[in-house]
Amino acid sequence: MNVVAWEHILAVAGGIVVFLVASFALRADWKTPGLDNQVFKLMLGLLALGGILATLTGLQIIGKS
């Protein structure tokens with residue numbers, strides 16, 4: 001396997017792990033009140049979105065050149 005294939009495999013695996021961890025943390029913190037927690041939930045949502053984007057890029061669904 002070449003370096004590009006390993007890069008895609010790591011992007012897919014890392015994206016899945018990041019998405020799962022962020023979504024489980026977001027689910028656990030969903031009902032907490034307060035402005036600080038709202039910002040934390042927003043950051044977790046963006047982290048989960050980044051995990052989805054990394055997975056889609058690793059699968060070459062988006063970002064084709």
# chains A, B, ... in the order shown; residues from 1 in each chain; ligands from 1
>>> residues_around(residues="Leu59 of chain A", least_positions_apart="4", cutoff="9 Å", atoms="only C-alpha atoms", output="count of residues only")
6
>>> residues_around(residues="Leu26 of chain A", least_positions_apart="5", cutoff="10 Å", atoms="only C-alpha atoms", output="ChimeraX atom specification")
/A:20-21,31,40-45,48
>>> write_last_selection(atoms="C-alpha atoms", output="CSV table (one decimal), in the first residue's frame")
chain,number,residue,atom,x,y,z
A,20,LEU,CA,-18.5,9.0,18.1
A,21,VAL,CA,-16.7,10.6,21.1
A,31,LYS,CA,-29.6,18.9,29.4
A,40,PHE,CA,-19.5,23.7,25.0
A,41,LYS,CA,-22.4,22.0,23.2
A,42,LEU,CA,-21.8,24.2,20.2
A,43,MET,CA,-18.1,23.2,20.1
A,44,LEU,CA,-19.0,19.5,20.5
A,45,GLY,CA,-21.4,19.8,17.6
A,48,ALA,CA,-18.8,16.0,15.4
>>> atom_distance(atom1="atom CA of Leu49 of chain A", atom2="atom CA of Ala28 of chain A")
17.3 Å
>>> select_by_dssp(residues="chain A", states="alpha helix (DSSP H)", output="JSON, numbers by chain")
{"A": [3, 4, 5, 6, 7, 8, 9, 10, 11, 12, 13, 14, 15, 16, 17, 18, 19, 20, 21, 22, 23, 24, 25, 26, 27, 28, 35, 36, 37, 38, 39, 40, 41, 42, 43, 44, 45, 46, 47, 48, 49, 50, 51, 52, 53, 54, 55, 56, 57, 58]}
>>> write_last_selection(atoms="C-alpha atoms", output="mmCIF file, in the first residue's frame")
data_model
loop_
_atom_site.group_PDB
_atom_site.id
_atom_site.type_symbol
_atom_site.label_atom_id
_atom_site.label_comp_id
_atom_site.auth_asym_id
_atom_site.auth_seq_id
_atom_site.Cartn_x
_atom_site.Cartn_y
_atom_site.Cartn_z
ATOM 1 C CA VAL A 3 1.199 6.494 1.579
ATOM 2 C CA VAL A 4 -2.006 7.961 0.134
ATOM 3 C CA ALA A 5 -3.998 4.806 0.901
ATOM 4 C CA TRP A 6 -2.763 4.834 4.508
ATOM 5 C CA GLU A 7 -3.687 8.492 4.761
ATOM 6 C CA HIS A 8 -7.243 7.740 3.649
ATOM 7 C CA ILE A 9 -7.563 4.823 6.055
ATOM 8 C CA LEU A 10 -6.368 6.957 8.973
ATOM 9 C CA ALA A 11 -8.703 9.808 7.984
ATOM 10 C CA VAL A 12 -11.716 7.480 7.935
ATOM 11 C CA ALA A 13 -10.816 5.785 11.222
ATOM 12 C CA GLY A 14 -9.983 9.064 12.951
ATOM 13 C CA GLY A 15 -13.138 10.732 11.662
ATOM 14 C CA ILE A 16 -15.311 7.920 12.981
ATOM 15 C CA VAL A 17 -13.628 8.002 16.399
ATOM 16 C CA VAL A 18 -13.914 11.798 16.668
ATOM 17 C CA PHE A 19 -17.573 11.734 15.622
ATOM 18 C CA LEU A 20 -18.483 9.007 18.117
ATOM 19 C CA VAL A 21 -16.684 10.602 21.057
ATOM 20 C CA ALA A 22 -18.101 14.056 20.331
ATOM 21 C CA SER A 23 -21.653 12.807 19.878
ATOM 22 C CA PHE A 24 -21.557 10.699 23.078
ATOM 23 C CA ALA A 25 -20.216 13.694 25.025
ATOM 24 C CA LEU A 26 -22.863 15.939 23.478
ATOM 25 C CA ARG A 27 -25.609 13.494 24.404
ATOM 26 C CA ALA A 28 -24.362 13.262 27.989
ATOM 27 C CA LEU A 35 -24.187 29.859 28.848
ATOM 28 C CA ASP A 36 -20.829 28.124 29.296
ATOM 29 C CA ASN A 37 -22.464 24.778 28.649
ATOM 30 C CA GLN A 38 -24.214 26.139 25.552
ATOM 31 C CA VAL A 39 -20.848 27.130 24.112
ATOM 32 C CA PHE A 40 -19.458 23.707 25.030
ATOM 33 C CA LYS A 41 -22.366 22.023 23.233
ATOM 34 C CA LEU A 42 -21.766 24.167 20.158
ATOM 35 C CA MET A 43 -18.094 23.190 20.135
ATOM 36 C CA LEU A 44 -18.966 19.500 20.489
ATOM 37 C CA GLY A 45 -21.403 19.795 17.596
ATOM 38 C CA LEU A 46 -18.728 21.391 15.426
ATOM 39 C CA LEU A 47 -16.277 18.665 16.433
ATOM 40 C CA ALA A 48 -18.797 16.003 15.395
ATOM 41 C CA LEU A 49 -19.289 17.808 12.077
ATOM 42 C CA GLY A 50 -15.520 17.803 11.574
ATOM 43 C CA GLY A 51 -15.461 14.061 12.179
ATOM 44 C CA ILE A 52 -18.115 13.567 9.502
ATOM 45 C CA LEU A 53 -16.180 15.748 7.068
ATOM 46 C CA ALA A 54 -12.942 13.860 7.759
ATOM 47 C CA THR A 55 -14.692 10.548 7.136
ATOM 48 C CA LEU A 56 -16.265 11.735 3.890
ATOM 49 C CA THR A 57 -12.946 13.146 2.709
ATOM 50 C CA GLY A 58 -11.129 9.915 3.564
#
>>> decode(residues="chain A", atoms="C-alpha atoms", output="compact mmCIF listing (two decimals), in the first residue's frame")
# COMPACT_ATOMS: atom_id res chain seq x y z
CA MET A 1 0.00 0.00 0.00
CA ASN A 2 1.18 3.48 -0.71
CA VAL A 3 1.20 6.49 1.58
CA VAL A 4 -2.01 7.96 0.13
CA ALA A 5 -4.00 4.81 0.90
CA TRP A 6 -2.76 4.83 4.51
CA GLU A 7 -3.69 8.49 4.76
CA HIS A 8 -7.24 7.74 3.65
CA ILE A 9 -7.56 4.82 6.06
CA LEU A 10 -6.37 6.96 8.97
CA ALA A 11 -8.70 9.81 7.98
CA VAL A 12 -11.72 7.48 7.94
CA ALA A 13 -10.82 5.78 11.22
CA GLY A 14 -9.98 9.06 12.95
CA GLY A 15 -13.14 10.73 11.66
CA ILE A 16 -15.31 7.92 12.98
CA VAL A 17 -13.63 8.00 16.40
CA VAL A 18 -13.91 11.80 16.67
CA PHE A 19 -17.57 11.73 15.62
CA LEU A 20 -18.48 9.01 18.12
CA VAL A 21 -16.68 10.60 21.06
CA ALA A 22 -18.10 14.06 20.33
CA SER A 23 -21.65 12.81 19.88
CA PHE A 24 -21.56 10.70 23.08
CA ALA A 25 -20.22 13.69 25.03
CA LEU A 26 -22.86 15.94 23.48
CA ARG A 27 -25.61 13.49 24.40
CA ALA A 28 -24.36 13.26 27.99
CA ASP A 29 -24.16 17.06 28.34
CA TRP A 30 -27.38 17.90 26.49
CA LYS A 31 -29.63 18.88 29.44
CA THR A 32 -27.16 21.03 31.38
CA PRO A 33 -28.14 24.72 31.68
CA GLY A 34 -25.92 27.78 31.49
CA LEU A 35 -24.19 29.86 28.85
CA ASP A 36 -20.83 28.12 29.30
CA ASN A 37 -22.46 24.78 28.65
CA GLN A 38 -24.21 26.14 25.55
CA VAL A 39 -20.85 27.13 24.11
CA PHE A 40 -19.46 23.71 25.03
CA LYS A 41 -22.37 22.02 23.23
CA LEU A 42 -21.77 24.17 20.16
CA MET A 43 -18.09 23.19 20.13
CA LEU A 44 -18.97 19.50 20.49
CA GLY A 45 -21.40 19.80 17.60
CA LEU A 46 -18.73 21.39 15.43
CA LEU A 47 -16.28 18.67 16.43
CA ALA A 48 -18.80 16.00 15.40
CA LEU A 49 -19.29 17.81 12.08
CA GLY A 50 -15.52 17.80 11.57
CA GLY A 51 -15.46 14.06 12.18
CA ILE A 52 -18.12 13.57 9.50
CA LEU A 53 -16.18 15.75 7.07
CA ALA A 54 -12.94 13.86 7.76
CA THR A 55 -14.69 10.55 7.14
CA LEU A 56 -16.27 11.73 3.89
CA THR A 57 -12.95 13.15 2.71
CA GLY A 58 -11.13 9.92 3.56
CA LEU A 59 -13.70 7.98 1.55
CA GLN A 60 -13.17 10.44 -1.32
CA ILE A 61 -16.83 11.43 -1.41
CA ILE A 62 -15.91 15.10 -1.01
CA GLY A 63 -12.65 16.84 -1.76
CA LYS A 64 -11.75 14.97 -4.92
CA SER A 65 -8.94 16.51 -6.91
